[in-house]
file final_32.cif (mmCIF, C-alpha atoms)
data_query
loop_
_atom_site.group_PDB
_atom_site.id
_atom_site.type_symbol
_atom_site.label_atom_id
_atom_site.label_comp_id
_atom_site.auth_asym_id
_atom_site.auth_seq_id
_atom_site.Cartn_x
_atom_site.Cartn_y
_atom_site.Cartn_z
ATOM 1 C CA MET L 874 94.393 114.966 93.891
ATOM 2 C CA LYS L 875 97.465 114.804 91.612
ATOM 3 C CA GLU L 876 96.837 118.335 90.327
ATOM 4 C CA LEU L 877 96.331 119.698 93.851
ATOM 5 C CA ILE L 878 99.542 118.136 95.167
ATOM 6 C CA ALA L 879 101.467 119.263 92.073
ATOM 7 C CA LYS L 880 100.353 122.849 92.674
ATOM 8 C CA ASP L 881 101.267 122.520 96.349
ATOM 9 C CA LEU L 882 104.769 121.193 95.657
ATOM 10 C CA LEU L 883 105.463 123.886 93.088
ATOM 11 C CA SER L 884 104.091 126.684 95.281
ATOM 12 C CA ILE L 885 106.509 125.960 98.153
ATOM 13 C CA GLN L 886 109.444 125.088 95.860
ATOM 14 C CA ALA L 887 109.555 121.511 97.107
ATOM 15 C CA VAL L 888 110.148 120.688 93.443
ATOM 16 C CA PHE L 889 112.609 122.519 91.219
ATOM 17 C CA LEU L 890 112.382 122.112 87.445
ATOM 18 C CA ARG L 891 115.612 123.219 85.823
ATOM 19 C CA PRO L 892 116.122 121.638 82.390
ATOM 20 C CA GLU L 893 118.562 124.366 81.337
ATOM 21 C CA GLU L 894 120.819 123.799 84.356
ATOM 22 C CA PRO L 895 120.467 120.145 85.412
ATOM 23 C CA PHE L 896 121.065 118.806 88.877
ATOM 24 C CA THR L 897 123.508 115.919 89.333
ATOM 25 C CA TRP L 898 122.372 112.916 91.361
ATOM 26 C CA ALA L 899 124.733 110.888 93.553
ATOM 27 C CA SER L 900 124.740 108.268 90.801
ATOM 28 C CA GLY L 901 126.137 110.853 88.388
ATOM 29 C CA ILE L 902 122.933 111.055 86.356
ATOM 30 C CA LYS L 903 121.975 114.574 85.331
ATOM 31 C CA SER L 904 118.383 115.460 86.152
ATOM 32 C CA PRO L 905 116.114 118.391 85.232
ATOM 33 C CA ILE L 906 114.187 117.962 88.470
ATOM 34 C CA TYR L 907 115.012 118.089 92.159
ATOM 35 C CA CYS L 908 112.518 117.152 94.889
ATOM 36 C CA ASP L 909 112.668 118.072 98.563
ATOM 37 C CA ASN L 910 109.383 116.877 99.994
ATOM 38 C CA ARG L 911 110.573 117.625 103.523
ATOM 39 C CA LEU L 912 109.452 121.176 102.811
ATOM 40 C CA THR L 913 105.853 119.964 102.889
ATOM 41 C CA LEU L 914 106.223 119.686 106.659
ATOM 42 C CA THR L 915 106.911 123.410 107.088
ATOM 43 C CA SER L 916 103.824 124.620 105.216
ATOM 44 C CA VAL L 917 100.672 124.024 107.235
ATOM 45 C CA ASN L 918 98.293 124.097 104.251
ATOM 46 C CA VAL L 919 100.435 121.858 102.070
ATOM 47 C CA ARG L 920 101.096 119.510 104.970
ATOM 48 C CA ASN L 921 97.363 119.149 105.541
ATOM 49 C CA ASP L 922 96.794 118.320 101.861
ATOM 50 C CA VAL L 923 99.626 115.775 101.840
ATOM 51 C CA GLU L 924 98.789 113.985 105.094
ATOM 52 C CA ASN L 925 95.052 113.878 104.463
ATOM 53 C CA GLY L 926 95.786 112.714 100.928
ATOM 54 C CA LEU L 927 98.008 109.881 102.157
ATOM 55 C CA ALA L 928 95.366 108.898 104.700
ATOM 56 C CA LYS L 929 92.772 108.789 101.919
ATOM 57 C CA LEU L 930 95.011 106.575 99.767
ATOM 58 C CA ILE L 931 95.431 104.143 102.658
ATOM 59 C CA ARG L 932 91.707 104.042 103.442
ATOM 60 C CA GLU L 933 90.808 103.408 99.793
ATOM 61 C CA ASN L 934 93.604 101.032 98.781
ATOM 62 C CA TYR L 935 94.676 99.278 101.971
ATOM 63 C CA PRO L 936 91.580 99.191 104.195
ATOM 64 C CA GLU L 937 92.894 96.154 106.088
ATOM 65 C CA ALA L 938 96.130 97.930 107.143
ATOM 66 C CA GLU L 939 97.081 97.529 110.805
ATOM 67 C CA VAL L 940 100.426 99.336 111.086
ATOM 68 C CA LEU L 941 102.198 102.139 109.186
ATOM 69 C CA MET L 942 105.971 102.013 108.760
ATOM 70 C CA GLY L 943 107.881 105.077 107.607
ATOM 71 C CA THR L 944 111.113 104.983 105.663
ATOM 72 C CA SER L 945 114.132 106.529 107.337
ATOM 73 C CA THR L 946 114.335 109.399 107.488
ATOM 74 C CA ALA L 947 112.006 111.202 105.105
ATOM 75 C CA GLY L 948 108.967 108.994 105.644
ATOM 76 C CA ILE L 949 108.989 109.012 109.445
ATOM 77 C CA ALA L 950 107.139 112.286 110.041
ATOM 78 C CA HIS L 951 104.534 111.491 107.392
ATOM 79 C CA ALA L 952 103.901 108.027 108.857
ATOM 80 C CA ALA L 953 103.475 109.596 112.311
ATOM 81 C CA ILE L 954 101.034 112.264 111.152
ATOM 82 C CA VAL L 955 99.007 109.908 108.985
ATOM 83 C CA GLY L 956 99.009 107.358 111.800
ATOM 84 C CA HIS L 957 97.499 110.033 114.037
ATOM 85 C CA ILE L 958 94.827 110.870 111.448
ATOM 86 C CA LEU L 959 93.910 107.207 110.993
ATOM 87 C CA GLN L 960 94.390 106.349 114.681
ATOM 88 C CA MET L 961 96.839 103.606 113.732
ATOM 89 C CA PRO L 962 100.157 102.529 115.254
ATOM 90 C CA MET L 963 103.323 103.484 113.397
ATOM 91 C CA GLY L 964 107.022 102.825 113.428
ATOM 92 C CA TYR L 965 109.914 103.175 111.041
ATOM 93 C CA VAL L 966 112.697 101.185 109.434
ATOM 94 C CA ARG L 967 116.312 102.268 109.690
ATOM 95 C CA ALA L 968 118.664 102.052 106.722
ATOM 96 C CA SER L 969 120.689 99.600 108.819
ATOM 97 C CA SER L 970 120.594 98.120 112.297
ATOM 98 C CA LYS L 971 121.872 100.199 115.198
ATOM 99 C CA ASP L 972 125.334 99.260 116.436
ATOM 100 C CA HIS L 973 124.320 99.670 120.084
ATOM 101 C CA GLY L 974 121.500 98.915 122.495
ATOM 102 C CA ARG L 975 119.061 96.369 121.085
ATOM 103 C CA GLN L 976 120.534 96.844 117.587
ATOM 104 C CA ASN L 977 117.089 97.416 116.121
ATOM 105 C CA GLN L 978 116.495 98.104 112.470
ATOM 106 C CA ILE L 979 112.728 98.277 112.884
ATOM 107 C CA GLU L 980 111.691 100.848 115.467
ATOM 108 C CA GLY L 981 108.284 100.440 117.039
ATOM 109 C CA SER L 982 106.235 97.354 117.795
ATOM 110 C CA LEU L 983 105.720 94.928 114.918
ATOM 111 C CA ILE L 984 104.001 91.585 115.450
ATOM 112 C CA PRO L 985 104.659 88.883 112.855
ATOM 113 C CA GLY L 986 101.659 88.582 110.567
ATOM 114 C CA GLN L 987 100.557 92.209 110.926
ATOM 115 C CA LYS L 988 99.432 93.963 107.774
ATOM 116 C CA VAL L 989 101.742 96.901 107.055
ATOM 117 C CA VAL L 990 101.711 99.881 104.713
ATOM 118 C CA VAL L 991 105.038 101.602 104.042
ATOM 119 C CA VAL L 992 104.999 105.417 103.945
ATOM 120 C CA GLU L 993 107.607 107.033 101.675
ATOM 121 C CA ASP L 994 108.118 110.599 100.469
ATOM 122 C CA LEU L 995 109.727 110.045 97.053
ATOM 123 C CA ILE L 996 110.266 107.104 94.706
ATOM 124 C CA SER L 997 112.759 107.272 91.861
ATOM 125 C CA THR L 998 114.416 103.922 91.068
ATOM 126 C CA GLY L 999 112.712 102.207 94.003
ATOM 127 C CA GLY L 1000 115.786 100.624 95.559
ATOM 128 C CA SER L 1001 115.610 102.098 99.052
ATOM 129 C CA VAL L 1002 111.898 101.546 99.611
ATOM 130 C CA ILE L 1003 112.169 97.941 98.408
ATOM 131 C CA ASP L 1004 114.949 97.419 100.973
ATOM 132 C CA VAL L 1005 112.457 98.565 103.637
ATOM 133 C CA VAL L 1006 109.804 96.192 102.314
ATOM 134 C CA ASN L 1007 112.266 93.294 102.443
ATOM 135 C CA VAL L 1008 113.278 94.093 106.047
ATOM 136 C CA LEU L 1009 109.623 94.107 107.100
ATOM 137 C CA ARG L 1010 108.896 90.863 105.281
ATOM 138 C CA GLU L 1011 111.905 89.197 106.916
ATOM 139 C CA ALA L 1012 110.451 90.274 110.271
ATOM 140 C CA GLY L 1013 107.213 88.466 109.428
ATOM 141 C CA ALA L 1014 105.079 91.428 108.335
ATOM 142 C CA GLU L 1015 102.556 91.176 105.534
ATOM 143 C CA VAL L 1016 103.404 94.253 103.461
ATOM 144 C CA LEU L 1017 100.242 95.364 101.688
ATOM 145 C CA GLY L 1018 102.018 98.060 99.693
ATOM 146 C CA ILE L 1019 103.463 101.555 99.686
ATOM 147 C CA VAL L 1020 102.006 105.055 99.706
ATOM 148 C CA SER L 1021 104.210 107.965 98.671
ATOM 149 C CA ILE L 1022 103.967 111.671 98.033
ATOM 150 C CA PHE L 1023 105.680 111.699 94.646
ATOM 151 C CA THR L 1024 107.064 109.275 92.072
ATOM 152 C CA TYR L 1025 109.062 109.853 88.917
ATOM 153 C CA GLY L 1026 107.425 106.847 87.264
ATOM 154 C CA MET L 1027 110.776 105.676 85.895
ATOM 155 C CA ALA L 1028 110.811 102.340 84.099
ATOM 156 C CA LYS L 1029 113.562 101.022 86.386
ATOM 157 C CA GLY L 1030 111.547 101.844 89.487
ATOM 158 C CA LEU L 1031 108.353 100.319 88.105
ATOM 159 C CA LYS L 1032 110.238 97.154 87.148
ATOM 160 C CA ARG L 1033 111.840 96.832 90.580
ATOM 161 C CA LEU L 1034 108.502 97.251 92.352
ATOM 162 C CA SER L 1035 106.930 94.637 90.082
ATOM 163 C CA GLU L 1036 109.772 92.178 90.664
ATOM 164 C CA ALA L 1037 109.448 92.724 94.434
ATOM 165 C CA ASN L 1038 105.704 92.057 94.141
ATOM 166 C CA VAL L 1039 104.766 95.294 95.877
ATOM 167 C CA LYS L 1040 102.554 98.111 94.653
ATOM 168 C CA ASN L 1041 103.037 101.813 95.194
ATOM 169 C CA ILE L 1042 100.336 104.461 95.060
ATOM 170 C CA SER L 1043 101.481 108.082 94.911
ATOM 171 C CA LEU L 1044 99.689 111.355 95.507
ATOM 172 C CA CYS L 1045 101.441 112.873 92.497
ATOM 173 C CA ASP L 1046 103.743 111.827 89.668
ATOM 174 C CA LEU L 1047 106.074 113.476 87.177
ATOM 175 C CA ASP L 1048 103.541 113.508 84.342
ATOM 176 C CA ALA L 1049 100.981 115.404 86.425
ATOM 177 C CA LEU L 1050 103.621 117.735 87.827
ATOM 178 C CA VAL L 1051 105.065 118.879 84.500
ATOM 179 C CA LYS L 1052 101.577 119.301 83.058
ATOM 180 C CA VAL L 1053 100.619 121.643 85.908
ATOM 181 C CA ALA L 1054 104.012 123.382 85.747
ATOM 182 C CA SER L 1055 103.630 124.043 82.025
ATOM 183 C CA ALA L 1056 100.026 125.258 82.375
ATOM 184 C CA ASN L 1057 101.036 127.680 85.138
ATOM 185 C CA GLY L 1058 104.137 129.123 83.481
ATOM 186 C CA TYR L 1059 106.832 127.436 85.549
ATOM 187 C CA ILE L 1060 108.217 125.784 82.396
ATOM 188 C CA THR L 1061 107.499 125.841 78.658
ATOM 189 C CA GLU L 1062 105.723 123.099 76.720
ATOM 190 C CA GLU L 1063 109.094 122.249 75.151
ATOM 191 C CA ASP L 1064 110.592 121.869 78.622
ATOM 192 C CA GLU L 1065 107.703 119.575 79.564
ATOM 193 C CA GLN L 1066 108.605 117.199 76.733
ATOM 194 C CA ARG L 1067 112.301 117.338 77.593
ATOM 195 C CA ILE L 1068 111.626 116.426 81.215
ATOM 196 C CA LEU L 1069 109.435 113.497 80.198
ATOM 197 C CA LYS L 1070 112.189 112.359 77.831
ATOM 198 C CA PHE L 1071 114.526 112.297 80.831
ATOM 199 C CA ARG L 1072 111.965 110.216 82.753
ATOM 200 C CA ASP L 1073 111.782 107.684 79.921
ATOM 201 C CA ASN L 1074 115.570 107.205 79.798
ATOM 202 C CA PRO L 1075 117.656 108.997 82.469
ATOM 203 C CA SER L 1076 120.915 107.779 80.907
ATOM 204 C CA ASP L 1077 120.155 109.532 77.610
ATOM 205 C CA GLU L 1078 121.255 113.157 78.022
ATOM 206 C CA SER L 1079 120.016 114.315 74.629
ATOM 207 C CA TRP L 1080 117.272 116.334 76.355
ATOM 208 C CA ILE L 1081 119.856 118.704 77.846
ATOM 209 C CA GLY L 1082 119.974 122.043 76.091
ATOM 210 C CA GLY L 1083 117.037 121.123 73.909
ATOM 211 C CA LYS L 1084 119.084 118.810 71.719
#
call {"tool": "encode", "arguments": {"input": "final_32.cif", "output": "structure tokens"}}
result
Amino acid sequence: MKELIAKDLLSIQAVFLRPEEPFTWASGIKSPIYCDNRLTLTSVNVRNDVENGLAKLIRENYPEAEVLMGTSTAGIAHAAIVGHILQMPMGYVRASSKDHGRQNQIEGSLIPGQKVVVVEDLISTGGSVIDVVNVLREAGAEVLGIVSIFTYGMAKGLKRLSEANVKNISLCDLDALVKVASANGYITEEDEQRILKFRDNPSDESWIGGK
């Protein structure tokens, strides 16, 4: 599954690997990788692989799930499609409550005690998805865990998820992606090691320029 999704993401340029010309995140950290998993929605074949893959992860890891909740905004479409595949209700969690109407932060019906799986597209440091988990827990949901398309596998993200007592299962991760990218000529083996060095310590920029 990881190899298939890695090939899919690379084929539609949902993932850019650019160790020679790093991207800059909002935090200021320089990164050799940029992910735009929204592009999976515009490719029918890739979308089928992703949504069926997420459905499979939920069936195998969270068989008692009753409701899917997407993260806003990237996880909403995936939660809706997977909810259709699994014939399950879905909703989504806003980044903050609306300032009008009913001032909802959770959109869709959620009954206290329901078993919920959160659907996310990308996990880096884990902060935003943990915020969603906390909102759902405060509303009385039993959050079984998270499914996501891709994760960097950064130590900070893994630590945050552990401290929040929530597990994430991803279709693909950075290790699998760079392995496939190297094997298929997207990057060199040296680039593969540099990108993994970034993953291990994003604040250490010694990987830039092959240093």
call {"tool": "atom_distance", "arguments": {"input": "final_32.cif", "atom1": "CA of Ile1068 (chain L)", "atom2": "CA of Leu877 (chain L)"}}
result
20.1 Å
call {"tool": "closest_atom_pairs", "arguments": {"input": "final_32.cif", "of": "region 967-1013 of chain L", "to": "region 1031-1053 of chain L", "cutoff": "12 Å", "atoms": "all atoms listed in the file", "output": "JSON lines"}}
result
{"residue": "L:Val989", "atom": "CA", "partner": "L:Val1039", "partner_atom": "CA", "distance": 11.7}
{"residue": "L:Val990", "atom": "CA", "partner": "L:Asn1041", "partner_atom": "CA", "distance": 9.8}
{"residue": "L:Val991", "atom": "CA", "partner": "L:Asn1041", "partner_atom": "CA", "distance": 9.1}
{"residue": "L:Val992", "atom": "CA", "partner": "L:Asn1041", "partner_atom": "CA", "distance": 9.7}
{"residue": "L:Glu993", "atom": "CA", "partner": "L:Ser1043", "partner_atom": "CA", "distance": 9.2}
{"residue": "L:Asp994", "atom": "CA", "partner": "L:Ser1043", "partner_atom": "CA", "distance": 9.0}
{"residue": "L:Leu995", "atom": "CA", "partner": "L:Ser1043", "partner_atom": "CA", "distance": 8.7}
{"residue": "L:Ile996", "atom": "CA", "partner": "L:Ser1043", "partner_atom": "CA", "distance": 8.8}
{"residue": "L:Ser997", "atom": "CA", "partner": "L:Leu1031", "partner_atom": "CA", "distance": 9.0}
{"residue": "L:Thr998", "atom": "CA", "partner": "L:Arg1033", "partner_atom": "CA", "distance": 7.6}
{"residue": "L:Gly999", "atom": "CA", "partner": "L:Arg1033", "partner_atom": "CA", "distance": 6.4}
{"residue": "L:Gly1000", "atom": "CA", "partner": "L:Arg1033", "partner_atom": "CA", "distance": 7.4}
{"residue": "L:Ser1001", "atom": "CA", "partner": "L:Arg1033", "partner_atom": "CA", "distance": 10.7}
{"residue": "L:Val1002", "atom": "CA", "partner": "L:Leu1034", "partner_atom": "CA", "distance": 9.1}
{"residue": "L:Ile1003", "atom": "CA", "partner": "L:Ala1037", "partner_atom": "CA", "distance": 7.1}
{"residue": "L:Asp1004", "atom": "CA", "partner": "L:Ala1037", "partner_atom": "CA", "distance": 9.8}
{"residue": "L:Val1005", "atom": "CA", "partner": "L:Ala1037", "partner_atom": "CA", "distance": 11.3}
{"residue": "L:Val1006", "atom": "CA", "partner": "L:Val1039", "partner_atom": "CA", "distance": 8.2}
{"residue": "L:Asn1007", "atom": "CA", "partner": "L:Ala1037", "partner_atom": "CA", "distance": 8.5}
{"residue": "L:Arg1010", "atom": "CA", "partner": "L:Ala1037", "partner_atom": "CA", "distance": 11.0}
call {"tool": "residues_around", "arguments": {"input": "final_32.cif", "residues": "Asp922 (chain L)", "least_positions_apart": "3", "cutoff": "12 Å", "atoms": "only C-alpha atoms", "output": "VMD selection string"}}
result
chain L and resid 874 to 882 913 to 914 916 to 919 925 to 929 951 954 to 955 1022 1044 to 1045
call {"tool": "closest_residue", "arguments": {"input": "final_32.cif", "among": "L:Gly901, L:Ile984, L:Gly1058, L:Asp909", "to": "Phe889 (chain L)", "atoms": "only C-alpha atoms"}}
result
L:Asp909
call {"tool": "closest_residue", "arguments": {"input": "final_32.cif", "among": "L:Asn977, L:Ser904, L:Thr1024, L:Thr915", "to": "Leu890 (chain L)", "atoms": "only C-alpha atoms"}}
result
L:Ser904
call {"tool": "resolve_selection", "arguments": {"input": "final_32.cif", "expression": "the PyMOL selection byres ((chain L and resi 943) around 8)", "output": "list in words"}}
result
Leu941, Met942, Thr944, Ser945, Thr946, Ala947, Gly948, Ile949, Ala950, His951, Ala952, Ala953, Met963, Gly964, Tyr965, Val966, Val991, Val992 and Glu993 of chain L
call {"tool": "write_last_selection", "arguments": {"input": "final_32.cif", "atoms": "C-alpha atoms", "output": "mmCIF file, in the frame of the given file"}}
result
data_model
loop_
_atom_site.group_PDB
_atom_site.id
_atom_site.type_symbol
_atom_site.label_atom_id
_atom_site.label_comp_id
_atom_site.auth_asym_id
_atom_site.auth_seq_id
_atom_site.Cartn_x
_atom_site.Cartn_y
_atom_site.Cartn_z
ATOM 1 C CA LEU L 941 102.198 102.139 109.186
ATOM 2 C CA MET L 942 105.971 102.013 108.760
ATOM 3 C CA THR L 944 111.113 104.983 105.663
ATOM 4 C CA SER L 945 114.132 106.529 107.337
ATOM 5 C CA THR L 946 114.335 109.399 107.488
ATOM 6 C CA ALA L 947 112.006 111.202 105.105
ATOM 7 C CA GLY L 948 108.967 108.994 105.644
ATOM 8 C CA ILE L 949 108.989 109.012 109.445
ATOM 9 C CA ALA L 950 107.139 112.286 110.041
ATOM 10 C CA HIS L 951 104.534 111.491 107.392
ATOM 11 C CA ALA L 952 103.901 108.027 108.857
ATOM 12 C CA ALA L 953 103.475 109.596 112.311
ATOM 13 C CA MET L 963 103.323 103.484 113.397
ATOM 14 C CA GLY L 964 107.022 102.825 113.428
ATOM 15 C CA TYR L 965 109.914 103.175 111.041
ATOM 16 C CA VAL L 966 112.697 101.185 109.434
ATOM 17 C CA VAL L 991 105.038 101.602 104.042
ATOM 18 C CA VAL L 992 104.999 105.417 103.945
ATOM 19 C CA GLU L 993 107.607 107.033 101.675
#
call {"tool": "atom_distance", "arguments": {"input": "final_32.cif", "atom1": "CA of Ile1060 (chain L)", "atom2": "CA of Met1027 (chain L)"}}
result
20.6 Å
call {"tool": "atom_distance", "arguments": {"input": "final_32.cif", "atom1": "CA of Tyr935 (chain L)", "atom2": "CA of Ile885 (chain L)"}}
result
29.4 Å
call {"tool": "residues_around", "arguments": {"input": "final_32.cif", "residues": "Arg1072 (chain L)", "least_positions_apart": "2", "cutoff": "8 Å", "atoms": "all atoms listed in the file", "output": "list in words"}}
result
Tyr1025, Gly1026, Met1027, Ile1068, Leu1069, Lys1070, Asn1074 and Pro1075 of chain L
call {"tool": "residues_around", "arguments": {"input": "final_32.cif", "residues": "Glu937 (chain L)", "least_positions_apart": "2", "cutoff": "9 Å", "atoms": "all atoms listed in the file", "output": "number ranges by chain"}}
result
L: 932, 934-935, 939, 988-989, 1017
call {"tool": "closest_residue", "arguments": {"input": "final_32.cif", "among": "L:Gly1030, L:Gly1082, L:Gly1018, L:Pro962", "to": "Gly981 (chain L)", "atoms": "all atoms listed in the file"}}
result
L:Pro962
call {"tool": "closest_residue", "arguments": {"input": "final_32.cif", "among": "L:Asp1077, L:Gln886, L:Gln978, L:Val1020", "to": "Glu933 (chain L)", "atoms": "only C-alpha atoms"}}
result
L:Val1020
call {"tool": "closest_residue", "arguments": {"input": "final_32.cif", "among": "L:Ser1079, L:Leu983, L:Ala968, L:Asp1064", "to": "Ile906 (chain L)", "atoms": "all atoms listed in the file"}}
result
L:Asp1064
call {"tool": "closest_residue", "arguments": {"input": "final_32.cif", "among": "L:Leu883, L:Ala1014, L:Cys908, L:Ile1019", "to": "Phe896 (chain L)", "atoms": "all atoms listed in the file"}}
result
L:Cys908
call {"tool": "decode", "arguments": {"input": "final_32.cif", "residues": "region 915-932 of chain L", "atoms": "N, CA, C and O atoms", "output": "tab-separated table (two decimals), in the first residue's frame"}}
result
chain	number	residue	atom	x	y	z
L	915	THR	N	-8.22	15.35	-7.84
L	915	THR	CA	-8.42	15.67	-9.26
L	915	THR	C	-7.95	14.56	-10.19
L	915	THR	O	-8.11	14.67	-11.40
L	916	SER	N	-7.37	13.52	-9.65
L	916	SER	CA	-6.96	12.36	-10.45
L	916	SER	C	-7.85	11.18	-10.05
L	916	SER	O	-7.78	10.70	-8.92
L	917	VAL	N	-8.66	10.72	-10.97
L	917	VAL	CA	-9.63	9.67	-10.64
L	917	VAL	C	-8.95	8.40	-10.14
L	917	VAL	O	-9.35	7.83	-9.12
L	918	ASN	N	-7.89	7.97	-10.82
L	918	ASN	CA	-7.22	6.72	-10.42
L	918	ASN	C	-6.56	6.85	-9.06
L	918	ASN	O	-6.67	5.96	-8.21
L	919	VAL	N	-5.86	7.96	-8.85
L	919	VAL	CA	-5.20	8.17	-7.56
L	919	VAL	C	-6.23	8.33	-6.45
L	919	VAL	O	-6.09	7.79	-5.35
L	920	ARG	N	-7.30	9.07	-6.75
L	920	ARG	CA	-8.35	9.25	-5.76
L	920	ARG	C	-8.94	7.91	-5.34
L	920	ARG	O	-9.17	7.66	-4.15
L	921	ASN	N	-9.16	7.03	-6.30
L	921	ASN	CA	-9.69	5.70	-5.97
L	921	ASN	C	-8.74	4.94	-5.05
L	921	ASN	O	-9.16	4.30	-4.09
L	922	ASP	N	-7.44	4.99	-5.36
L	922	ASP	CA	-6.45	4.30	-4.52
L	922	ASP	C	-6.46	4.87	-3.10
L	922	ASP	O	-6.44	4.12	-2.11
L	923	VAL	N	-6.49	6.20	-3.00
L	923	VAL	CA	-6.43	6.85	-1.69
L	923	VAL	C	-7.69	6.55	-0.87
L	923	VAL	O	-7.59	6.13	0.30
L	924	GLU	N	-8.86	6.75	-1.45
L	924	GLU	CA	-10.10	6.59	-0.68
L	924	GLU	C	-10.35	5.13	-0.31
L	924	GLU	O	-10.76	4.83	0.81
L	925	ASN	N	-10.08	4.22	-1.24
L	925	ASN	CA	-10.23	2.81	-0.91
L	925	ASN	C	-9.19	2.37	0.11
L	925	ASN	O	-9.46	1.52	0.97
L	926	GLY	N	-8.00	2.97	0.02
L	926	GLY	CA	-6.95	2.68	1.00
L	926	GLY	C	-7.34	3.15	2.39
L	926	GLY	O	-7.16	2.43	3.38
L	927	LEU	N	-7.88	4.37	2.49
L	927	LEU	CA	-8.31	4.88	3.79
L	927	LEU	C	-9.45	4.03	4.35
L	927	LEU	O	-9.48	3.73	5.56
L	928	ALA	N	-10.36	3.63	3.49
L	928	ALA	CA	-11.46	2.77	3.93
L	928	ALA	C	-10.93	1.45	4.48
L	928	ALA	O	-11.40	0.94	5.51
L	929	LYS	N	-9.93	0.91	3.82
L	929	LYS	CA	-9.32	-0.36	4.26
L	929	LYS	C	-8.66	-0.18	5.63
L	929	LYS	O	-8.78	-1.05	6.51
L	930	LEU	N	-7.95	0.94	5.82
L	930	LEU	CA	-7.31	1.19	7.11
L	930	LEU	C	-8.34	1.26	8.23
L	930	LEU	O	-8.11	0.75	9.33
L	931	ILE	N	-9.47	1.90	7.95
L	931	ILE	CA	-10.52	2.03	8.97
L	931	ILE	C	-11.12	0.67	9.28
L	931	ILE	O	-11.32	0.30	10.45
L	932	ARG	N	-11.43	-0.11	8.24
L	932	ARG	CA	-12.00	-1.44	8.46
L	932	ARG	C	-11.08	-2.31	9.31
L	932	ARG	O	-11.53	-3.03	10.21
